Amino acid sequence: MTERGASTSAPRVGGFERVTGAQMFTADIAHDDLLHVALVHLDCGRAKIESIDVSAAGEVDGVVRVFTGADFPNPMPRFGPRFKDRPVIATTETKYHGDPVAAVVAVSRASATKGAAEVKVTYSELPGVYSIDQALAPASPLVVDADIRPPDDPLAATNIRQTWEWGWGDVDSTKADLVLEETYEFPMVTHFSIEPHVFVAAPEAGGVAVWSSIQHPYILQKTLADLLGLPIAKVRIHAPDPGGGFGGKGYPKYEPLVAMVALELGRPVRLVLTLEETFQAVRRTNARLHFRTGFSDEGRLLFIDAMNDFLMGAYADIAPRVISKSSYFAAGPYKVGAVRAKVRGLMSHTTPSTAFRGFGAPQIAWAIESQIDAAARALGIDAVDIRLRNLAARGEEIVPGDKPADGDWAQSVRIAAEKVGWTQTLPPGHGRGIAVGLKASATAGSSYCILRILPDGSVALVAGTSDMGQGARTILTQLVSENLGVPAEQVTLVMGDTAVVPFDYSTSASRSTVFMGSAVVDACGKAIDDLVSRAAQAHGVESGEVVFTPGEVAVAGDTHTIPEIVARIFGSVPGEIIAVGTSRGEGDAGHALGGPAAFYEFSCTASEVAVDPETGDYELVKHVTVADVGKAINRQHVEMQDEGAAVMGLGHTLMEQLLLDEQGRIRNLGALDYRIPTFKDVPKSMISVLVENGDGPGPGGAKGSGEGGLLATSPAIAAAVTQATGAVITDLPLSPERVWQAIQISKHNEERHDSEDS
Amino acid sequence: MSGESTIGLTVNGTRRSVTVPSSMTLLEMVRSRLGMTGSKECCSEGECGACTMIVDGEPVNSCLILAGEADGAVITTIEGIGNGGMTRLQASFLEAGAVQCGFCIPGMVVAASALLERIPDPTMTDVQEGLSGNLCRCGGYSRICAAVISSVTRGDTDD
């Protein structure tokens with residue numbers, strides 16, 4: 001059959017509910033007999049818990065019970081996607097600012113909060129590890145409890161959790177005309193989903209039901225089954241569409257805690273994090289990237305010698321994957337003869353970092369793209385030209401032996417340059433920058449769905465993707481509608497309930513359109529095959545005489561609608577056509593990442609800024625993103641995602657950074673003190689262009705999308721600021737203060753050179 | 001325990017009488033006591049706008065107002081906009097592609113409705129200023145602006 005995936009801007013499925021307030025997010029769902037949970041945490045980064053006195057809290061009106069570590073199994077159960085290192089609740093030691101030590105359960109949220117304030121914790125503050133330097137200092141305390149690490153772990157006496165070394169070619173013997181060396185810092189930033197994380201649990205049918213604002217309900221289901229000793233079938237996860245996820249709602253956080261509390265009390269309990277608590281729960285992995293690169297006089301990138309340190313946090317969560325996968329592509333989308341990337345994943349007494357849109361690639365792009373720009377300036381080569389000279393062409397390998405470039409990436413660069421007006425004369429005080437980013441998609445993983453053609457020809461699709469704003473419901477509805485020829489209004493999507501929806505590995509890595517989309521196309525194909533063979537049987541003709549085209553079935557030359565055919569097939573006893581769609585990436589055990597990427601997400605950003613040299617403040621005059629998406633199944637949705645990613649990229653580029661004090665406390669907790677982009681920070685002109693060459697593995701040649709727009713934001717804007725001012729900045733965010741300081745340093749250096757020259 | 005009081009107010013055109021603890025916010029009262037969950041809670045400090053309601057004609061952050069302070073007030077929440085359907089503004093949000101995860105959108109719609117009451121024919125700057133207290137982490141700002149403006153211009157052409 002023909003795979004269909006026409007570019008349309010079909011209306012958003014779930015749009016009406018979202019503009020009218022009818023959309024039910026996790027905290028909106030009512031539960032009978034509900035109890036509320038408030039967490040207790042300490043006002044420091046790391047502490048030894050001496051004792052916890054819950055008596056006063058227990059007397060607060062409405063408080064039902066206070067749980068501390070002593071109320072949970074001993075030893076404390078631990079969980080985590082990479083290492084089982086995160087306890088359900090802290091027992092002897094808190095490991096980051098916000099690590100909960102007690103949970104107060106009450107009849108109302110107000111009572112729970114009041115009770116939490118009455119829990120008396122006696123603790124002694126301990127020295128902590130709050131920075132990359134501290135994590136590497138030999139005298140620093142160890143973050144990971146000794147019993148967590150394997151006895152033969154050679155790194156057990158350090159705060160290095162894991163190291164990786166990637167590369168090819170001979171870096172040391174590669175000769176270069178120009179060698180650059182610089183260190184780049186990418187700060188801690190937090191996801192700041194507008195929906196704070198919500199966790200609800202209730203005993204159900206000899207097991208537990210959990211409602212969570214989670215992206216990966218099946219990983220949560222498995223985690224809880226393991227922790228609670230329950231069959232997977234007895235753990236039911238309800239996953240309402242999250243109100244923004246961005247990676248931060250991927251892996252389990254406090255679901256084990258609320259599940260155990262609910263089972264103990266025999267009642268439903270709900271924990272709604274405050275925004276401040278979400279800052280303490282999730283963040284991007286901050287990094288220091290030391291890059292030494294060699295270039296020829298013509299601007300050919302000859303070698304990369306990178307030493308990257310990533311600060312993971314108190315528990316590893318999925319950060320080791322963030323670090324290893326992004327650094328594996330340390331050469332970005334370029335063809336480089338020799339690469340060596342030595343990478344360390346460091347533990348610290350800070351919020352556990354996790355997946356965050358871009359998954360390490362923005363950190364890598366900040367370093368490599370800044371180096372390319374420095375080389376262009378030193379060699380007198382145009383910033384567009386130097387990229388075009390080094391980008392891998394379609395079919396050329398970027399990592400030897402691995403999946404080759406799967407797009408015409410130079411095309412995206414040319415479009416971005418044209419759209420930003422690259423060759424036009426700049427007004428005084430203005431500068432332009434261009435940069436590219438590459439993110440490898442999901443590798444192994446599987447998605448299943450069930451497609452039901454109902455007696456009247458309408459369709460129910462049961463699919464496990466989480467629609468967290470990317471519009472998965474719309475895309476999957478479109479695929480069903482186009483492949484079967486059933487109007488979108490007659491398609492219903494069932495998602496977010498592991499008791500009825502089949503397995504989907506995750507909603508991450510921009511995988512849903514490709515993986516779940518392919519499963520849906522597979523299900524459509526199987527349903528059509530079944531329909532055709534049953535139609536032939538019902539009409540007493542050979543299968544070859546039945547021809548399906550979307551919306552119509554021709555039997556021996558006579559055309560019928562799908563409902564007519566379904567009615568004929570089943571006669572007076574109702575029935576339905578049921579098909580299971582499957583999409584599996586089997587992976588490759590011998591591959592460094594568990595398998596090659598299904599596709600690459602390539603993006604180019606070009607930006608024009610106007611800088612006020614007196615203050616360092618600058619305005620974004622024009623901001624262009626070009627995304628190579630293979631095929632946009634819904635053009636409007638893809639553009640929305642791409643623009644949104646660009647705005648998010650402006651956040652970590654211009655203003656965002658979690659600030660810790662010397663006691664490891666986050667000093668800018670909350671929306672007042674941690675600024676994200678607002679209406680006033682949006683560039684005057686924003687342009688999003690999609691490149692559609694049909695060269696992806698998804699339906700109609702689609703690749704995943706939605707992360708690309710933020711991969712290269714920082715280096716593009718930094719290059720523009722440099723062109724406008726001469727100031728080179730290597731640490732994010734590019735705040736006006738930092739730009740102003742860099743301008744002063746740049747001026748000072750120029751004056752010194754001038755006096756040396758004279 | 002703090003005291004309780006009974007307040008009377010008009011919510012989306014209906015007179016309501018509610019007994020609330022003195023510490024309960026208007027947002028919490030509307031969500032938990034009236035069962036209208038369209039208004040959202042995020043920052044709880046008046047910075048994100050997800051809880052925006054119109055109180056006596058003015059857009060306010062309902063997380064910052066005690067329910068008791070709203071005694072006698074006339075309140076419009078997202079549930080009171082559109083009458084079971086969609087206003088032109090709400091339809092424009094969808095047409096412009098201004099809705100991603102949707103969590104901020106009720107607050108945006110309410111704030112934009114209030115803005116259009118005040119300035120029926122806003123400029124882009126008016127919209128940016130008028131909605132500057134509403135955060136959207138999905139980054140849909142340009143399209144939200146476009147939606148508000150097109151809801152007005154579309155009205156002109158339709159009439």
# chains A, B, ... in the order shown; residues from 1 in each chain; ligands from 1

$ residues_around --residues "Asn134 of chain B" --least-positions-apart "3" --cutoff "6 Å" --atoms "only C-alpha atoms" --output "list in words"
Cys48, Gly49 and Leu131 of chain B

$ interface_residues --of "chain B" --to "chain A" --cutoff "7 Å" --atoms "only C-alpha atoms" --output "VMD selection string"
chain B and resid 37 to 39 42 to 43 47 78 to 79 90 94 97 100 to 106 128 132 135 137 to 141

$ write_last_selection --atoms "C-alpha atoms" --output "short mmCIF file (atom, residue, chain, number, x, y, z; two decimals), in the first residue's frame"
data_model
loop_
_atom_site.label_atom_id
_atom_site.label_comp_id
_atom_site.auth_asym_id
_atom_site.auth_seq_id
_atom_site.Cartn_x
_atom_site.Cartn_y
_atom_site.Cartn_z
CA THR B 37 -10.74 23.29 36.73
CA GLY B 38 -10.12 25.34 33.59
CA SER B 39 -8.14 27.94 35.55
CA CYS B 42 1.51 27.02 38.24
CA CYS B 43 3.63 29.59 40.07
CA GLU B 47 3.98 35.66 37.73
CA ILE B 78 -12.44 30.38 31.18
CA GLU B 79 -15.61 28.32 31.59
CA GLN B 90 -10.75 31.03 20.91
CA LEU B 94 -6.61 27.24 17.11
CA GLY B 97 -1.58 27.39 15.80
CA GLN B 100 0.61 23.52 22.08
CA CYS B 101 0.39 21.78 25.46
CA GLY B 102 -2.49 24.05 26.32
CA PHE B 103 -1.85 24.48 30.03
CA CYS B 104 -1.32 28.25 29.78
CA ILE B 105 -4.07 28.73 27.22
CA PRO B 106 -7.10 29.24 29.51
CA GLN B 128 2.54 41.99 23.99
CA SER B 132 3.15 40.11 29.32
CA LEU B 135 3.94 32.70 30.40
CA ARG B 137 6.84 27.56 27.97
CA CYS B 138 5.95 25.99 24.64
CA GLY B 139 6.98 29.37 23.23
CA GLY B 140 3.83 30.10 21.25
CA TYR B 141 4.04 33.84 21.83
#

$ residues_around --residues "Val121 of chain A" --least-positions-apart "6" --cutoff "7 Å" --atoms "only C-alpha atoms" --output "PyMOL selection string"
chain A and resi 51-53

$ write_last_selection --atoms "C-alpha atoms" --output "short mmCIF file (atom, residue, chain, number, x, y, z; two decimals), in the first residue's frame"
data_model
loop_
_atom_site.label_atom_id
_atom_site.label_comp_id
_atom_site.auth_asym_id
_atom_site.auth_seq_id
_atom_site.Cartn_x
_atom_site.Cartn_y
_atom_site.Cartn_z
CA SER A 51 16.00 12.78 63.85
CA ILE A 52 12.55 13.72 62.66
CA ASP A 53 9.84 14.71 65.12
#

$ residues_around --residues "Gly581 of chain A" --least-positions-apart "4" --cutoff "7 Å" --atoms "only C-alpha atoms" --output "VMD selection string"
chain A and resid 448 to 450 519 to 520 522 to 523

$ select_by_dssp --residues "chain B" --states "helix (DSSP H, G or I)" --output "MDAnalysis selection string"
chainID B and resid 26:33 67:70 78:80 88:95 105:118 124:130 141:158

$ write_last_selection --atoms "C-alpha atoms" --output "tab-separated table (two decimals), in the first residue's frame"
chain	number	residue	atom	x	y	z
B	26	LEU	CA	-9.95	32.44	44.79
B	27	LEU	CA	-8.21	30.01	42.43
B	28	GLU	CA	-8.45	27.12	44.85
B	29	MET	CA	-12.05	27.94	45.67
B	30	VAL	CA	-13.08	27.95	42.03
B	31	ARG	CA	-11.16	24.76	41.27
B	32	SER	CA	-11.99	22.70	44.34
B	33	ARG	CA	-15.29	24.09	45.59
B	67	ALA	CA	-11.69	33.89	48.10
B	68	GLY	CA	-13.01	36.09	50.91
B	69	GLU	CA	-11.77	39.18	49.11
B	70	ALA	CA	-13.94	38.25	46.15
B	78	ILE	CA	-12.44	30.38	31.18
B	79	GLU	CA	-15.61	28.32	31.59
B	80	GLY	CA	-17.60	31.53	31.17
B	88	ARG	CA	-13.91	34.24	17.72
B	89	LEU	CA	-10.83	34.67	19.87
B	90	GLN	CA	-10.75	31.03	20.91
B	91	ALA	CA	-11.23	29.87	17.35
B	92	SER	CA	-8.41	32.18	16.29
B	93	PHE	CA	-6.09	30.57	18.83
B	94	LEU	CA	-6.61	27.24	17.11
B	95	GLU	CA	-6.42	28.58	13.58
B	105	ILE	CA	-4.07	28.73	27.22
B	106	PRO	CA	-7.10	29.24	29.51
B	107	GLY	CA	-5.21	32.06	31.24
B	108	MET	CA	-4.14	33.47	27.88
B	109	VAL	CA	-7.70	33.40	26.53
B	110	VAL	CA	-9.08	35.08	29.63
B	111	ALA	CA	-6.34	37.73	29.64
B	112	ALA	CA	-6.77	38.35	25.93
B	113	SER	CA	-10.55	38.61	26.29
B	114	ALA	CA	-10.06	41.24	28.97
B	115	LEU	CA	-7.57	43.04	26.76
B	116	LEU	CA	-10.02	43.13	23.86
B	117	GLU	CA	-12.68	44.58	26.16
B	118	ARG	CA	-10.30	47.39	26.99
B	124	MET	CA	0.98	44.02	18.34
B	125	THR	CA	2.58	46.09	21.09
B	126	ASP	CA	-0.75	46.31	22.92
B	127	VAL	CA	-1.04	42.54	22.86
B	128	GLN	CA	2.54	41.99	23.99
B	129	GLU	CA	2.05	44.46	26.84
B	130	GLY	CA	-1.39	43.21	27.72
B	141	TYR	CA	4.04	33.84	21.83
B	142	SER	CA	4.13	35.02	18.20
B	143	ARG	CA	1.18	32.88	17.27
B	144	ILE	CA	-0.78	33.92	20.36
B	145	CYS	CA	-0.26	37.57	19.34
B	146	ALA	CA	-1.30	36.74	15.80
B	147	ALA	CA	-4.38	34.94	17.11
B	148	VAL	CA	-5.52	37.91	19.19
B	149	ILE	CA	-5.04	40.33	16.32
B	150	SER	CA	-6.63	38.11	13.70
B	151	SER	CA	-9.65	37.54	15.95
B	152	VAL	CA	-10.36	41.25	15.59
B	153	THR	CA	-9.52	41.69	11.91
B	154	ARG	CA	-11.46	38.55	11.05
B	155	GLY	CA	-14.44	40.03	12.84
B	156	ASP	CA	-14.27	43.08	10.59
B	157	THR	CA	-14.27	41.08	7.40
B	158	ASP	CA	-16.98	38.69	8.58

$ residues_around --residues "Glu418 of chain A" --least-positions-apart "5" --cutoff "10 Å" --atoms "only C-alpha atoms" --output "number ranges by chain"
A: 412-413, 423-424, 606, 624

$ write_last_selection --atoms "N, CA and C atoms" --output "CSV table (one decimal), in the first residue's frame"
chain,number,residue,atom,x,y,z
A,412,SER,N,19.8,23.4,4.1
A,412,SER,CA,19.2,24.2,5.2
A,412,SER,C,20.0,25.4,5.6
A,413,VAL,N,21.4,25.2,5.5
A,413,VAL,CA,22.2,26.4,5.8
A,413,VAL,C,22.0,27.5,4.8
A,423,THR,N,23.9,38.3,3.2
A,423,THR,CA,24.8,39.1,2.4
A,423,THR,C,24.5,40.6,2.4
A,424,GLN,N,23.4,40.9,3.1
A,424,GLN,CA,23.0,42.4,3.1
A,424,GLN,C,23.8,43.2,4.1
A,606,ALA,N,19.9,31.1,12.2
A,606,ALA,CA,20.6,32.4,11.8
A,606,ALA,C,19.9,33.5,12.5
A,624,VAL,N,15.9,33.2,12.5
A,624,VAL,CA,15.5,32.2,11.5
A,624,VAL,C,15.9,30.8,11.9

$ residues_around --residues "Asp529 of chain A" --least-positions-apart "5" --cutoff "12 Å" --atoms "only C-alpha atoms" --output "number ranges by chain"
A: 1, 484, 522-524, 534-536, 543-544, 546-549, 553, 577-579

$ write_last_selection --atoms "N, CA and C atoms" --output "CSV table (one decimal), in the first residue's frame"
chain,number,residue,atom,x,y,z
A,1,MET,N,0.8,-1.2,0.0
A,1,MET,CA,0.0,0.0,0.0
A,1,MET,C,0.9,1.3,0.0
A,484,LEU,N,-6.9,5.3,5.7
A,484,LEU,CA,-8.2,4.5,5.5
A,484,LEU,C,-9.2,5.3,4.7
A,522,ASP,N,1.3,0.7,9.8
A,522,ASP,CA,1.3,-0.7,9.8
A,522,ASP,C,-0.1,-1.3,10.1
A,523,ALA,N,-0.7,-0.7,11.2
A,523,ALA,CA,-2.0,-1.2,11.6
A,523,ALA,C,-3.0,-0.9,10.5
A,524,CYS,N,-2.9,0.2,9.8
A,524,CYS,CA,-3.9,0.5,8.7
A,524,CYS,C,-3.7,-0.5,7.6
A,534,ARG,N,-11.8,-10.4,3.9
A,534,ARG,CA,-13.1,-10.7,4.3
A,534,ARG,C,-14.2,-10.2,3.3
A,535,ALA,N,-13.9,-9.1,2.7
A,535,ALA,CA,-14.9,-8.6,1.7
A,535,ALA,C,-15.0,-9.6,0.5
A,536,ALA,N,-13.8,-10.1,0.1
A,536,ALA,CA,-13.8,-11.1,-1.0
A,536,ALA,C,-14.6,-12.3,-0.6
A,543,SER,N,-9.7,-12.6,-3.7
A,543,SER,CA,-9.2,-11.3,-3.1
A,543,SER,C,-8.7,-10.3,-4.1
A,544,GLY,N,-8.1,-10.9,-5.2
A,544,GLY,CA,-7.6,-10.0,-6.3
A,544,GLY,C,-8.7,-9.1,-6.9
A,546,VAL,N,-10.9,-7.5,-5.2
A,546,VAL,CA,-11.3,-6.5,-4.2
A,546,VAL,C,-10.1,-5.5,-4.2
A,547,VAL,N,-10.5,-4.2,-4.5
A,547,VAL,CA,-9.4,-3.2,-4.5
A,547,VAL,C,-9.8,-2.1,-3.5
A,548,PHE,N,-8.9,-1.9,-2.6
A,548,PHE,CA,-9.1,-0.8,-1.5
A,548,PHE,C,-8.4,0.5,-2.0
A,549,THR,N,-9.1,1.5,-2.0
A,549,THR,CA,-8.5,2.9,-2.0
A,549,THR,C,-9.1,3.6,-0.9
A,553,VAL,N,-14.1,0.7,-1.2
A,553,VAL,CA,-13.7,-0.7,-1.5
A,553,VAL,C,-14.4,-1.1,-2.8
A,577,ILE,N,-13.3,-4.9,12.6
A,577,ILE,CA,-11.9,-5.3,12.1
A,577,ILE,C,-10.9,-4.8,13.1
A,578,ILE,N,-10.1,-5.6,13.6
A,578,ILE,CA,-9.1,-5.2,14.6
A,578,ILE,C,-7.7,-5.6,14.0
A,579,ALA,N,-6.8,-4.6,14.1
A,579,ALA,CA,-5.4,-4.8,13.6
A,579,ALA,C,-4.4,-4.3,14.6

$ residues_around --residues "segment 336-349 of chain A" --least-positions-apart "4" --cutoff "8 Å" --atoms "only C-alpha atoms" --output "count of residues only"
54

$ closest_residue --among "A:Pro613, A:Gly595, A:Pro574, A:Gly294" --to "Thr725 of chain A" --atoms "only C-alpha atoms"
A:Pro613

$ atom_distance --atom1 "atom CA of Asp133 of chain A" --atom2 "atom CA of Ala157 of chain A"
16.2 Å

$ closest_residue --among "B:Ser23, B:Thr87, B:Pro59, B:Ala98" --to "Val74 of chain B" --atoms "only C-alpha atoms"
B:Pro59

$ decode --residues "segment 356-369 of chain A" --atoms "N, CA and C atoms" --output "CSV table (one decimal), in the first residue's frame"
chain,number,residue,atom,x,y,z
A,356,PHE,N,16.3,16.8,28.6
A,356,PHE,CA,15.7,18.1,28.4
A,356,PHE,C,15.9,18.4,26.9
A,357,ARG,N,14.8,18.7,26.2
A,357,ARG,CA,14.8,19.0,24.8
A,357,ARG,C,16.2,19.2,24.2
A,358,GLY,N,16.6,18.4,23.3
A,358,GLY,CA,17.9,18.5,22.7
A,358,GLY,C,18.8,17.5,23.2
A,359,PHE,N,18.6,17.0,24.5
A,359,PHE,CA,19.3,15.9,25.1
A,359,PHE,C,20.8,15.9,24.9
A,360,GLY,N,21.4,17.0,25.4
A,360,GLY,CA,22.8,17.2,25.4
A,360,GLY,C,23.4,17.8,24.1
A,361,ALA,N,22.6,17.8,23.1
A,361,ALA,CA,23.1,18.4,21.8
A,361,ALA,C,23.3,19.9,21.9
A,362,PRO,N,22.4,20.6,22.6
A,362,PRO,CA,22.7,22.1,22.7
A,362,PRO,C,24.0,22.4,23.3
A,363,GLN,N,24.4,21.6,24.3
A,363,GLN,CA,25.7,21.8,25.0
A,363,GLN,C,26.8,21.6,24.0
A,364,ILE,N,26.7,20.5,23.2
A,364,ILE,CA,27.8,20.2,22.3
A,364,ILE,C,27.9,21.2,21.2
A,365,ALA,N,26.7,21.6,20.7
A,365,ALA,CA,26.7,22.6,19.6
A,365,ALA,C,27.3,24.0,20.1
A,366,TRP,N,27.0,24.3,21.4
A,366,TRP,CA,27.6,25.5,21.9
A,366,TRP,C,29.1,25.6,21.7
A,367,ALA,N,29.7,24.4,22.0
A,367,ALA,CA,31.2,24.4,21.9
A,367,ALA,C,31.7,24.3,20.5
A,368,ILE,N,31.2,23.3,19.7
A,368,ILE,CA,31.7,23.1,18.4
A,368,ILE,C,31.4,24.2,17.5
A,369,GLU,N,30.2,24.8,17.6
A,369,GLU,CA,29.9,25.9,16.7
A,369,GLU,C,30.6,27.2,17.0
